[in-house]
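For reference, data_5.tsv is printed below; it contains TSV, C-alpha atoms.
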```tsv
chain	number	residue	atom	x	y	z
A	1298	MET	CA	20.73	12.94	24.50
A	1299	GLU	CA	17.71	11.12	25.89
A	1300	SER	CA	15.70	14.35	26.11
A	1301	ALA	CA	16.63	15.22	22.50
A	1302	ALA	CA	15.50	11.78	21.34
A	1303	LEU	CA	12.23	12.18	23.22
A	1304	ILE	CA	11.57	15.56	21.59
A	1305	ILE	CA	12.25	14.09	18.13
A	1306	VAL	CA	9.78	11.28	18.84
A	1307	LEU	CA	7.21	13.88	19.89
A	1308	VAL	CA	7.87	15.90	16.74
A	1309	ILE	CA	7.42	12.82	14.53
A	1310	ALA	CA	4.20	11.85	16.34
A	1311	LEU	CA	2.80	15.37	16.05
A	1312	ALA	CA	3.82	15.62	12.38
A	1313	LEU	CA	2.00	12.37	11.62
A	1314	PHE	CA	-1.07	13.65	13.46
A	1315	PHE	CA	-0.95	16.78	11.28
A	1316	ASP	CA	-0.73	14.45	8.27
A	1317	PHE	CA	-3.87	12.71	9.53
A	1318	THR	CA	-5.74	16.03	9.89
A	1319	ASN	CA	-4.56	17.02	6.42
A	1320	GLY	CA	-6.12	13.84	5.06
A	1321	PHE	CA	-9.57	14.36	6.52
A	1322	HIS	CA	-9.48	18.12	5.98
A	1323	ASP	CA	-8.76	17.86	2.24
A	1324	THR	CA	-10.80	14.79	1.25
A	1325	ALA	CA	-13.32	17.06	-0.44
A	1326	ASN	CA	-10.73	18.57	-2.76
A	1327	ALA	CA	-10.72	15.44	-4.88
A	1328	MET	CA	-14.24	14.15	-4.36
A	1329	ALA	CA	-16.48	17.23	-4.09
A	1330	THR	CA	-17.62	17.43	-7.70
A	1331	PRO	CA	-18.05	13.69	-8.52
A	1332	ILE	CA	-20.28	13.26	-5.45
A	1333	ALA	CA	-22.26	16.40	-6.30
A	1334	THR	CA	-22.88	15.22	-9.86
A	1335	GLY	CA	-23.62	11.62	-8.84
A	1336	ALA	CA	-20.58	10.16	-10.59
A	1337	LEU	CA	-19.49	8.39	-7.38
A	1338	LYS	CA	-21.24	7.32	-4.21
A	1339	PRO	CA	-19.79	8.91	-1.04
A	1340	LYS	CA	-18.41	5.68	0.45
A	1341	VAL	CA	-16.78	4.67	-2.83
A	1342	ALA	CA	-15.38	8.18	-3.31
A	1343	VAL	CA	-13.74	8.29	0.11
A	1344	LEU	CA	-12.21	4.82	-0.24
A	1345	LEU	CA	-10.90	5.68	-3.71
A	1346	ALA	CA	-9.44	8.98	-2.48
A	1347	ALA	CA	-7.70	7.26	0.43
A	1348	SER	CA	-6.18	4.58	-1.79
A	1349	LEU	CA	-4.87	7.02	-4.36
A	1350	ASN	CA	-3.52	9.40	-1.71
A	1351	LEU	CA	-1.48	6.43	-0.51
A	1352	VAL	CA	-0.14	5.71	-4.00
A	1353	GLY	CA	0.53	9.36	-4.80
A	1354	ALA	CA	2.72	9.80	-1.73
A	1355	PHE	CA	5.30	7.46	-3.28
A	1356	LEU	CA	5.53	9.18	-6.68
A	1357	SER	CA	7.57	12.29	-5.85
A	1358	THR	CA	9.72	13.80	-3.10
A	1359	GLU	CA	10.41	17.23	-4.63
A	1360	VAL	CA	7.98	19.05	-2.32
A	1361	ALA	CA	9.45	17.26	0.71
A	1362	LYS	CA	12.92	18.52	-0.27
A	1363	THR	CA	11.58	22.09	-0.54
A	1364	ILE	CA	10.71	21.94	3.17
A	1365	SER	CA	13.56	19.78	4.47
A	1366	GLY	CA	16.33	21.50	2.54
A	1367	GLY	CA	15.11	24.88	1.39
A	1368	MET	CA	12.52	26.88	3.32
A	1369	ILE	CA	14.39	26.93	6.65
A	1370	ARG	CA	18.19	27.17	6.92
A	1371	GLU	CA	18.90	24.23	9.19
A	1372	ASP	CA	22.65	24.88	9.08
A	1373	GLN	CA	22.12	28.07	11.12
A	1374	LEU	CA	20.11	26.34	13.82
A	1375	SER	CA	21.16	24.72	17.06
A	1376	PRO	CA	20.11	21.06	17.35
A	1377	ASP	CA	18.97	21.84	20.89
A	1378	ILE	CA	16.48	24.56	20.00
A	1379	PHE	CA	15.14	23.66	16.58
A	1380	PRO	CA	13.22	20.41	17.31
A	1381	PRO	CA	11.12	22.24	19.96
A	1382	ILE	CA	10.53	25.02	17.40
A	1383	ILE	CA	9.27	22.49	14.84
A	1384	PHE	CA	7.05	21.06	17.57
A	1385	ALA	CA	5.62	24.53	18.24
A	1386	GLY	CA	5.03	25.14	14.54
A	1387	LEU	CA	3.12	21.88	14.20
A	1388	ILE	CA	0.90	22.90	17.11
A	1389	GLY	CA	0.02	26.07	15.21
A	1390	ALA	CA	-0.82	24.10	12.05
A	1391	ILE	CA	-2.91	21.45	13.82
A	1392	THR	CA	-4.82	23.97	15.92
A	1393	TRP	CA	-5.83	25.96	12.84
A	1394	ASN	CA	-6.69	22.79	10.89
A	1395	MET	CA	-8.95	21.51	13.66
A	1396	LEU	CA	-10.63	24.87	14.19
A	1397	THR	CA	-11.40	25.43	10.52
A	1398	TRP	CA	-12.61	21.84	10.16
A	1399	LEU	CA	-15.03	22.39	13.03
A	1400	LEU	CA	-16.31	25.72	11.71
A	1401	GLY	CA	-16.28	24.82	8.02
A	1402	LEU	CA	-14.08	27.82	7.17
A	1403	PRO	CA	-12.16	27.99	3.87
A	1404	SER	CA	-8.54	27.24	4.68
A	1405	SER	CA	-5.44	25.41	3.52
A	1406	SER	CA	-3.69	22.67	5.46
A	1407	SER	CA	-0.52	23.49	3.54
A	1408	HIS	CA	-0.50	27.15	4.46
A	1409	ALA	CA	-1.38	26.27	8.05
A	1410	LEU	CA	1.80	24.18	8.16
A	1411	PHE	CA	3.95	26.86	6.52
A	1412	GLY	CA	2.50	29.55	8.77
A	1413	GLY	CA	3.04	27.53	11.93
A	1414	LEU	CA	6.67	26.74	11.05
A	1415	ILE	CA	7.50	30.29	9.97
A	1416	GLY	CA	5.87	31.87	13.04
A	1417	ALA	CA	7.62	29.50	15.42
A	1418	THR	CA	11.00	30.00	13.71
A	1419	LEU	CA	10.71	33.79	13.79
A	1420	VAL	CA	10.10	33.78	17.55
A	1421	GLY	CA	12.43	30.95	18.51
A	1422	VAL	CA	15.39	31.63	16.24
A	1423	GLY	CA	14.95	34.79	14.16
A	1424	ALA	CA	14.29	35.92	10.60
A	1425	SER	CA	17.78	34.90	9.46
A	1426	ALA	CA	16.82	31.23	9.76
A	1427	ILE	CA	14.15	31.59	7.06
A	1428	ASP	CA	15.13	31.53	3.39
A	1429	THR	CA	12.76	34.21	2.12
A	1430	GLY	CA	13.74	33.53	-1.49
A	1431	VAL	CA	12.51	29.94	-1.28
A	1432	VAL	CA	9.39	30.98	0.64
A	1433	LEU	CA	8.51	33.56	-2.01
A	1434	SER	CA	9.34	31.44	-5.06
A	1435	LYS	CA	7.98	28.07	-3.94
A	1436	VAL	CA	5.22	28.99	-1.46
A	1437	ILE	CA	3.88	32.55	-1.84
A	1438	LEU	CA	4.03	32.94	-5.64
A	1439	PRO	CA	2.49	29.50	-6.32
A	1440	ALA	CA	-0.28	30.41	-3.86
A	1441	LEU	CA	-1.08	33.45	-5.99
A	1442	ILE	CA	-0.53	31.97	-9.44
A	1443	ALA	CA	-1.78	28.37	-9.13
A	1444	PRO	CA	-5.50	29.07	-8.39
A	1445	LEU	CA	-5.61	31.60	-11.23
A	1446	THR	CA	-3.89	29.19	-13.61
A	1447	ALA	CA	-6.21	26.35	-12.60
A	1448	GLY	CA	-9.24	28.61	-13.07
A	1449	ILE	CA	-8.15	29.65	-16.57
A	1450	ILE	CA	-7.51	26.04	-17.58
A	1451	ALA	CA	-10.88	24.93	-16.17
A	1452	PHE	CA	-12.63	27.80	-17.97
A	1453	ALA	CA	-11.08	26.81	-21.30
A	1454	VAL	CA	-11.74	23.07	-20.85
A	1455	THR	CA	-15.37	23.76	-19.90
A	1456	LYS	CA	-15.87	25.92	-22.99
A	1457	ILE	CA	-14.38	23.18	-25.17
A	1458	ALA	CA	-16.43	20.43	-23.48
A	1459	TYR	CA	-19.70	22.29	-23.98
A	1460	GLY	CA	-18.75	23.39	-27.47
A	1461	ILE	CA	-17.95	19.95	-28.92
A	1462	THR	CA	-20.82	18.00	-27.32
A	1463	ARG	CA	-24.57	17.99	-27.82
A	1464	ARG	CA	-27.40	16.84	-25.57
A	1465	TYR	CA	-28.15	13.65	-27.43
A	1466	ASP	CA	-29.58	11.95	-24.33
A	1467	MET	CA	-32.33	14.64	-24.12
A	1468	LYS	CA	-31.94	14.92	-20.34
A	1469	ALA	CA	-32.22	18.22	-18.52
A	1470	ASP	CA	-28.57	18.39	-17.51
A	1471	GLY	CA	-27.25	16.60	-20.58
A	1472	ARG	CA	-23.78	15.27	-21.34
A	1473	ASP	CA	-24.12	12.44	-18.85
A	1474	GLY	CA	-21.16	10.69	-20.45
A	1475	PHE	CA	-18.91	13.05	-18.53
A	1476	ARG	CA	-20.00	11.34	-15.30
A	1477	TRP	CA	-17.88	8.35	-16.27
A	1478	GLY	CA	-14.98	10.61	-17.15
A	1479	GLN	CA	-15.21	12.13	-13.68
A	1480	ILE	CA	-14.30	8.80	-12.10
A	1481	PHE	CA	-10.93	9.04	-13.85
A	1482	THR	CA	-10.36	12.76	-13.29
A	1483	SER	CA	-11.34	12.72	-9.60
A	1484	SER	CA	-9.01	9.75	-9.11
A	1485	LEU	CA	-6.25	11.76	-10.73
A	1486	VAL	CA	-6.89	14.64	-8.31
A	1487	ALA	CA	-6.65	12.26	-5.33
A	1488	LEU	CA	-3.38	10.90	-6.73
A	1489	ALA	CA	-2.06	14.44	-7.22
A	1490	HIS	CA	-3.03	15.36	-3.65
A	1491	GLY	CA	-0.82	12.54	-2.38
A	1492	THR	CA	2.12	13.75	-4.47
A	1493	ASN	CA	1.95	17.23	-2.90
A	1494	ASP	CA	0.36	17.23	0.56
A	1495	ALA	CA	1.86	14.02	1.96
A	1496	GLN	CA	5.29	15.33	0.97
A	1497	LYS	CA	5.03	18.28	3.35
A	1498	THR	CA	4.90	16.09	6.42
A	1499	MET	CA	7.78	14.01	5.06
A	1500	GLY	CA	9.75	17.24	4.73
A	1501	VAL	CA	9.03	18.29	8.33
A	1502	ILE	CA	10.12	14.94	9.76
A	1503	THR	CA	13.23	14.91	7.58
A	1504	LEU	CA	14.06	18.47	8.67
A	1505	ALA	CA	13.85	17.40	12.32
A	1506	LEU	CA	16.13	14.42	11.69
A	1507	ILE	CA	18.68	16.62	9.91
A	1508	THR	CA	18.82	19.22	12.70
A	1509	VAL	CA	19.79	16.63	15.33
A	1510	GLY	CA	22.29	14.88	13.07
A	1511	TRP	CA	20.26	11.71	12.49
A	1512	GLN	CA	20.34	12.39	8.75
A	1513	SER	CA	22.90	14.18	6.58
A	1514	SER	CA	21.93	17.64	5.32
A	1515	ALA	CA	23.61	16.71	2.02
A	1516	ASN	CA	20.78	14.25	1.44
A	1517	PRO	CA	17.40	15.96	2.05
A	1518	ASP	CA	15.43	13.05	0.57
A	1519	PRO	CA	13.04	11.50	3.12
A	1520	GLN	CA	14.01	8.05	4.36
A	1521	ILE	CA	11.86	5.13	3.20
A	1522	TRP	CA	10.23	4.62	6.62
A	1523	VAL	CA	9.23	8.30	6.63
A	1524	VAL	CA	7.63	7.93	3.21
A	1525	PHE	CA	5.67	4.85	4.30
A	1526	ALA	CA	4.56	6.40	7.59
A	1527	CYS	CA	3.32	9.63	5.98
A	1528	ALA	CA	1.63	7.86	3.06
A	1529	ILE	CA	-0.29	5.49	5.32
A	1530	THR	CA	-1.26	8.25	7.76
A	1531	ILE	CA	-2.67	10.65	5.17
A	1532	ALA	CA	-4.58	7.80	3.54
A	1533	LEU	CA	-6.01	6.78	6.90
A	1534	GLY	CA	-7.03	10.36	7.64
A	1535	THR	CA	-8.68	10.66	4.25
A	1536	TYR	CA	-10.78	7.57	4.84
A	1537	MET	CA	-11.67	7.98	8.51
A	1538	GLY	CA	-12.10	11.72	8.88
A	1539	GLY	CA	-13.63	12.88	5.64
A	1540	TRP	CA	-17.22	12.01	6.50
A	1541	ARG	CA	-17.92	15.25	8.34
A	1542	ILE	CA	-17.34	17.10	5.08
A	1543	ILE	CA	-18.41	14.45	2.61
A	1544	ARG	CA	-21.93	14.03	4.04
A	1545	THR	CA	-22.92	17.52	2.92
A	1546	LEU	CA	-21.21	17.71	-0.45
A	1547	GLY	CA	-24.32	16.77	-2.41
A	1548	LYS	CA	-25.97	20.00	-1.26
A	1549	GLY	CA	-22.84	22.10	-1.05
A	1550	LEU	CA	-21.90	22.43	-4.70
A	1551	THR	CA	-24.48	24.53	-6.47
A	1552	ASP	CA	-25.75	23.19	-9.79
A	1553	VAL	CA	-22.56	21.41	-10.86
A	1554	LYS	CA	-23.01	19.54	-14.14
A	1555	PRO	CA	-20.93	16.51	-15.19
A	1556	ALA	CA	-19.05	18.37	-17.95
A	1557	GLN	CA	-18.23	21.18	-15.53
A	1558	GLY	CA	-17.02	18.77	-12.84
A	1559	PHE	CA	-14.89	16.89	-15.38
A	1560	SER	CA	-13.26	20.14	-16.48
A	1561	ALA	CA	-12.58	21.31	-12.91
A	1562	GLU	CA	-10.97	18.03	-11.91
A	1563	THR	CA	-8.83	17.88	-15.05
A	1564	SER	CA	-7.50	21.37	-14.33
A	1565	THR	CA	-6.89	20.64	-10.64
A	1566	ALA	CA	-4.97	17.43	-11.32
A	1567	ALA	CA	-2.84	18.96	-14.08
A	1568	THR	CA	-1.90	21.98	-11.96
A	1569	ILE	CA	-0.99	19.97	-8.84
A	1570	LEU	CA	0.97	17.27	-10.67
A	1571	ALA	CA	3.03	19.85	-12.58
A	1572	SER	CA	3.72	21.80	-9.39
A	1573	SER	CA	4.72	18.66	-7.47
A	1574	ALA	CA	7.26	17.80	-10.16
A	1575	LEU	CA	8.78	21.28	-9.77
A	1576	GLY	CA	8.81	21.17	-5.97
A	1577	PHE	CA	6.15	23.88	-5.50
A	1578	ALA	CA	4.31	23.42	-2.20
A	1579	LEU	CA	0.75	24.24	-3.27
A	1580	SER	CA	-2.52	24.56	-1.43
A	1581	THR	CA	-4.64	21.88	-3.06
A	1582	THR	CA	-7.70	23.56	-1.57
A	1583	GLN	CA	-7.00	26.80	-3.42
A	1584	VAL	CA	-6.25	25.01	-6.68
A	1585	ALA	CA	-9.46	22.97	-6.50
A	1586	SER	CA	-11.51	26.05	-5.62
A	1587	GLY	CA	-10.00	28.05	-8.48
A	1588	SER	CA	-10.88	25.22	-10.86
A	1589	VAL	CA	-14.50	25.07	-9.67
A	1590	ILE	CA	-14.90	28.82	-10.10
A	1591	GLY	CA	-13.26	28.73	-13.53
A	1592	SER	CA	-15.43	25.85	-14.73
A	1593	GLY	CA	-18.53	27.67	-13.48
A	1594	LEU	CA	-17.59	30.76	-15.47
A	1595	GLY	CA	-17.12	28.53	-18.52
A	1596	ARG	CA	-20.83	27.74	-18.55
A	1597	ARG	CA	-23.07	29.92	-20.67
A	1598	GLY	CA	-24.72	32.86	-18.93
A	1599	SER	CA	-22.75	32.57	-15.67
A	1600	THR	CA	-21.77	35.56	-13.50
A	1601	VAL	CA	-19.41	35.98	-10.53
A	1602	ARG	CA	-20.71	36.52	-7.00
A	1603	TRP	CA	-17.86	38.79	-5.93
A	1604	ASN	CA	-18.96	38.89	-2.28
A	1605	THR	CA	-18.54	35.11	-2.05
A	1606	VAL	CA	-15.21	35.23	-3.87
A	1607	GLY	CA	-14.02	37.91	-1.45
A	1608	ARG	CA	-15.03	35.83	1.58
A	1609	ILE	CA	-13.19	32.79	0.22
A	1610	MET	CA	-10.05	34.83	-0.46
A	1611	ILE	CA	-10.11	36.30	3.05
A	1612	GLY	CA	-10.07	32.74	4.40
A	1613	TRP	CA	-7.10	31.93	2.20
A	1614	VAL	CA	-5.16	35.04	3.24
A	1615	LEU	CA	-5.96	34.57	6.93
A	1616	THR	CA	-4.70	30.99	7.21
A	1617	LEU	CA	-0.94	31.55	7.07
A	1618	PRO	CA	-0.73	34.44	9.58
A	1619	ALA	CA	-3.29	32.86	11.93
A	1620	ALA	CA	-1.42	29.55	12.09
A	1621	GLY	CA	1.81	31.55	12.35
A	1622	ALA	CA	0.47	33.41	15.37
A	1623	VAL	CA	-0.40	30.16	17.16
A	1624	GLY	CA	3.00	28.68	16.25
A	1625	ALA	CA	4.73	31.82	17.51
A	1626	ALA	CA	2.83	31.66	20.81
A	1627	ALA	CA	3.83	28.01	21.27
A	1628	ALA	CA	7.45	28.88	20.45
A	1629	LEU	CA	7.36	31.71	22.98
A	1630	ILE	CA	6.48	29.20	25.69
A	1631	VAL	CA	9.53	27.12	24.67
A	1632	VAL	CA	11.76	30.19	24.80
A	1633	TRP	CA	10.48	31.17	28.24
A	1634	LEU	CA	10.41	27.75	29.87
A	1635	GLY	CA	13.16	25.88	28.02
A	1636	GLY	CA	12.78	22.09	28.12
A	1637	TRP	CA	9.62	22.34	30.18
A	1638	GLY	CA	8.09	24.45	27.41
A	1639	VAL	CA	7.76	21.42	25.17
A	1640	ALA	CA	5.83	19.56	27.88
A	1641	VAL	CA	3.57	22.57	28.43
A	1642	ASP	CA	2.98	22.91	24.69
A	1643	ALA	CA	2.17	19.20	24.45
A	1644	VAL	CA	-0.42	19.44	27.22
A	1645	ILE	CA	-1.98	22.54	25.67
A	1646	ALA	CA	-2.10	20.86	22.25
A	1647	VAL	CA	-3.85	17.78	23.66
A	1648	VAL	CA	-6.41	19.95	25.47
A	1649	ILE	CA	-7.11	22.02	22.34
A	1650	VAL	CA	-7.47	19.03	20.01
A	1651	LEU	CA	-9.68	17.09	22.43
A	1652	SER	CA	-11.83	20.16	23.10
A	1653	LEU	CA	-12.39	20.82	19.41
A	1654	PHE	CA	-13.08	17.15	18.71
A	1655	LEU	CA	-15.59	16.84	21.57
A	1656	ARG	CA	-17.22	20.08	20.44
A	1657	SER	CA	-17.64	18.64	16.95
A	1658	ARG	CA	-19.39	15.57	18.38
A	1659	ARG	CA	-22.08	17.73	19.94
A	1660	ASP	CA	-23.19	19.24	16.63
A	1661	SER	CA	-24.99	17.59	13.79
A	1662	VAL	CA	-23.23	17.73	10.43
A	1663	THR	CA	-24.93	20.40	8.33
A	1664	SER	CA	-23.96	22.79	5.56
A	1665	ALA	CA	-23.53	25.48	8.23
A	1666	ASN	CA	-20.75	23.74	10.16
A	1667	ALA	CA	-19.22	21.28	7.72
A	1668	MET	CA	-19.13	23.00	4.37
A	1669	SER	CA	-16.37	21.93	2.06
A	1670	GLU	CA	-14.18	24.83	1.06
A	1671	VAL	CA	-14.39	23.54	-2.50
A	1672	ALA	CA	-18.17	23.37	-2.24
A	1673	ASP	CA	-18.14	26.90	-0.89
A	1674	SER	CA	-16.30	28.06	-4.00
A	1675	GLY	CA	-19.08	26.63	-6.15
A	1676	ALA	CA	-21.37	29.34	-4.80
A	1677	ALA	CA	-19.06	32.04	-6.16
A	1678	VAL	CA	-20.51	31.62	-9.66
A	1679	LYS	CA	-24.16	32.23	-10.47
A	1680	VAL	CA	-25.48	30.16	-13.35
A	1681	PRO	CA	-29.02	30.74	-14.63
A	1682	ARG	CA	-31.43	27.81	-14.45
A	1683	LYS	CA	-32.49	28.38	-18.04
A	1684	PRO	CA	-29.67	30.02	-19.98
A	1685	GLY	CA	-30.48	31.75	-23.22
A	1686	PRO	CA	-30.28	29.97	-26.58
A	1687	THR	CA	-26.92	29.30	-28.17
A	1688	ARG	CA	-25.92	30.82	-31.51
A	1689	ARG	CA	-26.75	27.53	-33.20
A	1690	GLN	CA	-30.19	27.43	-31.62
A	1691	ARG	CA	-30.88	31.03	-32.67
A	1692	ARG	CA	-29.82	30.25	-36.21
A	1693	LEU	CA	-32.10	27.22	-36.35
A	1694	GLU	CA	-35.00	29.30	-35.04
A	1695	ARG	CA	-34.39	31.97	-37.71
A	1696	ASP	CA	-34.25	29.32	-40.45
A	1697	LYS	CA	-37.49	27.79	-39.18
A	1698	ALA	CA	-39.18	31.17	-39.01
A	1699	GLY	CA	-38.04	31.92	-42.58
A	1700	LYS	CA	-39.51	28.65	-43.86
A	1701	ASP	CA	-42.81	29.24	-42.05
A	1702	ALA	CA	-43.04	32.68	-43.58
```
How does the structure come out when it is put into structure tokens?
Amino acid sequence: MESAALIIVLVIALALFFDFTNGFHDTANAMATPIATGALKPKVAVLLAASLNLVGAFLSTEVAKTISGGMIREDQLSPDIFPPIIFAGLIGAITWNMLTWLLGLPSSSSHALFGGLIGATLVGVGASAIDTGVVLSKVILPALIAPLTAGIIAFAVTKIAYGITRRYDMKADGRDGFRWGQIFTSSLVALAHGTNDAQKTMGVITLALITVGWQSSANPDPQIWVVFACAITIALGTYMGGWRIIRTLGKGLTDVKPAQGFSAETSTAATILASSALGFALSTTQVASGSVIGSGLGRRGSTVRWNTVGRIMIGWVLTLPAAGAVGAAAALIVVWLGGWGVAVDAVIAVVIVLSLFLRSRRDSVTSANAMSEVADSGAAVKVPRKPGPTRRQRRLERDKAGKDA
């Protein structure tokens, strides 16, 4: 009993550490565009994102219930084996999160978590313990549909924003009033991030408690202390860890205008909030990237850089199996070594995390090693510096030419 309690404590600690890495890994999802357009200063943006992540974590538990009572069939699992399997899955998620943070690779903290848990469960228990219906309907399909939906919404909102406004201020970028709107929309994205991403860690902890009988499977809602712990941890990670990404956001997003940023954030927030209410465990990174690409295409004269889009999508596709492979390897150690496997995994995890962290301290933060995945998606759309005249401008020129004649 004492060893089981110790493993649960380790699982909770590791889950909260994943929550922390999720916070600093995904800070840019909410604050990339307002920093790039000058709507918010970096320090203010990070503090605002952290505060609203904290609030958002308390608004919904539907995503947490998808993980704690849907994705994995806890009723088919032995309470002796499953906590170590969860531990192994978290190692896979954290390792991939840390590695992609260091290298600046496009990835998803959410899919790293799902991949780690699925890979560890397949090795430690078997395919029968995974509810493929739930995985397909609430993880895989949303991963395919949500970025496309967000991109279409952002495209439409950008078209409307540019169509109903005029450059009254006579500035080069124009429509500076949207900068103020971005403060609201970026705040809404940060709030939405809390409603979705913080829930995943709550679900993992709740799942661990259910498997050892410390919580009834008939009630998959996370306990209040779990909600508080996860909310505070993700907010702390957002504030403390986001600087490595945030410091380069001003250069990362290419030619983002206030109206475009406003449209992208509106689409991102709407998509995530709707999905959280339905219990869909989304990748906020993919949704935000899809919105940025869609808003870029909504600008006049823009074209798609398909090579960049392909590279981003490869990063998205690679995340789940890569984290799954690490989780499976960690689970294999548990299967081979039994109780000692957890201790070995814990030592390996500490060595990996410390090594990656120390490696990050040796490098300066540049666009080459700390590029936001959302900023990276901004480069997928090419917008001309001087787009051609609008239909209205052409009509005015024809009228003027007719009068001069």
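If you look at CA of Thr1535 (chain A) and CA of Ile1507 (chain A), they are 28.6 Å away from each other.
The coordinates place CA of Ile1645 (chain A) at 12.5 Å from CA of Ala1628 (chain A).
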- Message: Under the rule that all atoms listed in the file are counted, which of A:Trp1393, A:Phe1315, A:Tyr1459, A:Tyr1536 is the nearest residue to Lys1340 (chain A)?
- Response: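 Using all atoms listed in the file, Lys1340 (chain A) sits closest to A:Tyr1536.
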- Query: Between A:Asn1350, A:Thr1482, A:Thr1392, A:Ser1588, which has the minimum distance to Phe1525 (chain A) (counting only C-alpha atoms)?
  - Reply: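 For Phe1525 (chain A), the nearest of the candidates is A:Asn1350.
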- Query: So how many Å separate CA of Lys1435 (chain A) and CA of Phe1452 (chain A), to one decimal?
  - Reply: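 Rounded to one decimal, the two atoms are 24.9 Å apart.
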- Pick from A:Ser1348, A:Thr1418, A:Asn1516, A:Ser1407 nearest to Ile1382 (chain A), counting all atoms listed in the file: A:Thr1418
- Item | Spatial neighbours of Leu1653 (chain A), max dist 8 Å, all atoms listed in the file, sep filter under 6 positions, as a list in words | Met1395, Leu1396 and Leu1399 of chain A
